[in-house]
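Here the structure is laid out as structure tokens; the discussion comes afterwards.
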Amino acid sequence: MKIPYNYVTIEGSIGAGKTTLVEMLSKEMNAEPIYERFADNPFLPKFYKEPHQYAFPLEMTFLMDRYQQLKSYLSSMNMFTDFTISDYFIDKCLLFSKNNLNTDEFILFRKVFDAISSQLPKPDIILYLYTTPDKLLKQIAKRGRSYESDITQKYLSDIQDKYLTYFRDNKNIPILLIDTKNIDFVKNITDYELIKNLLTKKYEAGIHRVIF
């Protein structure tokens, strides 16, 4: 199965199943996976407890770590794989920081982001896993990370709104907006095959809504 892309990104809100899908696709389709190292961020548990106090160091740490990781992986192609697939896009830094930071903090953050993000290649296509906030909360609860127990439905809804606004305003990359609220690509092989087959097609820049 030929994939017409060199760099694929799976995106979605917290709990959407990004990492799981990247793992499944990379193993079957001979892709080099890039997994976000969120567990290494010491500010994440503190942020969920006291968001106003720890938002700025959290977002700056995420930005630098994501930048360094992507630069390392994307600077040279793995000759033994067919393409690269990541479970995050560097621009998610802007979306989360805009939601989490106050105005002055975001202005400063944006300056740093603009200075370094331009050095990274953009993905050839983004698959965005869309689902309802209540389903996201259920999936977050299943993985049992104690520091995520304070995440609210409103927070997830706000983040998802930021993603959708970003996609509407930035139409330089093909974006597949995949509605996953009525499918389960982990347990149902048919649902997984439907998503996998999307990557065999070439899309023009802009939003393409996919409802199964």
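Labeling convention for the structure tokens: chains A, B, ... as they appear, residues from 1 per chain, ligands from 1 in order of appearance.
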
Closest atom pairs, segment 89-172 of chain A residues within 8 Å of segment 13-25 of chain A, only C-alpha atoms, as a tab-separated table:
residue	atom	partner	partner_atom	distance
A:Leu129	CA	A:Ala16	CA	6.1
A:Tyr130	CA	A:Ala16	CA	7.2
A:Thr131	CA	A:Ala16	CA	7.1
A:Leu136	CA	A:Gly15	CA	5.2
A:Leu137	CA	A:Gly15	CA	7.1
A:Gln139	CA	A:Gly15	CA	5.6
A:Ile140	CA	A:Gly15	CA	5.1
A:Leu156	CA	A:Ser13	CA	6.8
A:Ile159	CA	A:Ser13	CA	6.6
A:Gln160	CA	A:Ser13	CA	5.9

Can you spit out the residues from that selection as a PDB file, in the first residue's frame, using N, CA and C atoms?
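To be explicit, this is the file written out as selection-v6.pdb:
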ATOM      1  N   LEU A 129      -8.230  13.805  14.791  1.00  0.00           N
ATOM      2  CA  LEU A 129      -9.223  12.901  15.359  1.00  0.00           C
ATOM      3  C   LEU A 129     -10.198  13.706  16.213  1.00  0.00           C
ATOM      4  N   TYR A 130     -11.386  13.906  15.663  1.00  0.00           N
ATOM      5  CA  TYR A 130     -12.397  14.705  16.357  1.00  0.00           C
ATOM      6  C   TYR A 130     -13.371  13.788  17.093  1.00  0.00           C
ATOM      7  N   THR A 131     -13.672  14.130  18.337  1.00  0.00           N
ATOM      8  CA  THR A 131     -14.723  13.430  19.066  1.00  0.00           C
ATOM      9  C   THR A 131     -15.299  14.360  20.125  1.00  0.00           C
ATOM     10  N   LEU A 136     -13.878  11.949  25.192  1.00  0.00           N
ATOM     11  CA  LEU A 136     -12.471  12.190  25.530  1.00  0.00           C
ATOM     12  C   LEU A 136     -12.216  11.921  27.011  1.00  0.00           C
ATOM     13  N   LEU A 137     -13.120  12.404  27.861  1.00  0.00           N
ATOM     14  CA  LEU A 137     -12.960  12.186  29.307  1.00  0.00           C
ATOM     15  C   LEU A 137     -12.987  10.704  29.649  1.00  0.00           C
ATOM     16  N   GLN A 139     -12.045   8.256  27.699  1.00  0.00           N
ATOM     17  CA  GLN A 139     -10.803   7.652  27.224  1.00  0.00           C
ATOM     18  C   GLN A 139      -9.623   8.062  28.093  1.00  0.00           C
ATOM     19  N   ILE A 140      -9.651   9.297  28.604  1.00  0.00           N
ATOM     20  CA  ILE A 140      -8.609   9.746  29.524  1.00  0.00           C
ATOM     21  C   ILE A 140      -8.659   8.938  30.811  1.00  0.00           C
ATOM     22  N   LEU A 156     -11.328  20.564  27.658  1.00  0.00           N
ATOM     23  CA  LEU A 156     -11.208  19.789  26.425  1.00  0.00           C
ATOM     24  C   LEU A 156     -11.984  20.446  25.287  1.00  0.00           C
ATOM     25  N   ILE A 159      -9.988  23.490  24.042  1.00  0.00           N
ATOM     26  CA  ILE A 159      -8.834  23.088  23.233  1.00  0.00           C
ATOM     27  C   ILE A 159      -9.286  22.659  21.842  1.00  0.00           C
ATOM     28  N   GLN A 160     -10.339  21.880  21.793  1.00  0.00           N
ATOM     29  CA  GLN A 160     -10.821  21.420  20.494  1.00  0.00           C
ATOM     30  C   GLN A 160     -11.299  22.594  19.642  1.00  0.00           C
TER      31      GLN A 160
END

Lys135 of chain A: which residues within 10 Å, counting only C-alpha atoms, same-chain residues fewer than 6 positions away excluded, as a PDB file with C-alpha atoms, in the first residue's frame?
ATOM      1  CA  GLY A  15      -7.399  11.498  24.903  1.00  0.00           C
ATOM      2  CA  ALA A  16      -8.287  11.337  21.193  1.00  0.00           C
ATOM      3  CA  ALA A 141     -10.030   7.917  32.556  1.00  0.00           C
ATOM      4  CA  GLN A 153     -14.926  18.787  29.909  1.00  0.00           C
ATOM      5  CA  THR A 180     -14.391   9.338  15.511  1.00  0.00           C
ATOM      6  CA  LYS A 181     -17.241   9.623  18.007  1.00  0.00           C
ATOM      7  CA  ASN A 182     -19.079   6.655  16.505  1.00  0.00           C
TER       8      ASN A 182
END

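Interatomic distance, atom CA of Lys202 of chain A to atom CA of Ile183 of chain A: 23.3 Å.
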
TODO: Determine, counting only C-alpha atoms, which protein, DNA and RNA residues have an atom within 8 Å of an atom of segment 101-114 of chain A; residues of the same chain fewer than 5 positions away are not included. Present the result as a PyMOL selection string.
DONE: chain A and resi 52+55-56+60+63+94

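Residue nearest Pro174 of chain A, chosen from A:Lys196, A:Lys201, A:Lys162, A:Lys187 and counting only C-alpha atoms: A:Lys201.
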
Open item on the list: Calculated over only C-alpha atoms, which of the candidates A:Leu177, A:Leu199, A:Arg143, A:Glu148 has the smallest distance to Lys2 of chain A?
Closed with: A:Leu199

- [ ] Mind the document's chain letters and residue numbers, and return as a VMD selection string the residues of segment 15-124 of chain A that DSSP labels helix (DSSP H, G or I).
- [x] chain A and resid 18 to 28 38 to 40 44 to 49 51 to 74 92 to 100 103 to 117

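If only C-alpha atoms are the atoms counted, then among A:Leu120, A:Ala39, A:Leu95, A:Leu194 the closest residue to Thr165 of chain A is A:Leu95.
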
Open item on the list: Run DSSP on the backbone and tell me which residues of chain A come out as strand (DSSP E); list them as a VMD selection string.
Closed with: chain A and resid 7 to 12 31 to 34 83 to 86 125 to 130 174 to 179 206 to 211

Task: Pick from A:Asn100, A:Leu176, A:Pro123, A:Ser76 nearest to Pro57 of chain A, counting only C-alpha atoms - done: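 Smallest distance to Pro57 of chain A is found for A:Asn100.
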
TODO: Find the residue from A:Glu59, A:Asp65, A:Glu11, A:Asp87 that sits nearest to Asp40 of chain A; use only C-alpha atoms when measuring.
DONE: A:Asp65

- [ ] Select, from A:Lys142, A:Arg37, A:Lys122, A:Lys154, the residue with the minimum atom-to-atom distance to Ile90 of chain A, counting only C-alpha atoms.
- [x]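 The shortest atom-to-atom distance to Ile90 of chain A comes from A:Lys122.
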
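Pairwise distance (atom CA of Glu28 of chain A, atom CA of Tyr88 of chain A) equals 19.4 Å.
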
TODO: Rounded to one decimal place, report the atom CA of Pro133 of chain A-atom CA of Asp91 of chain A distance in Å.
DONE: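 Answer for the atom CA of Pro133 of chain A to atom CA of Asp91 of chain A separation: 21.2 Å.
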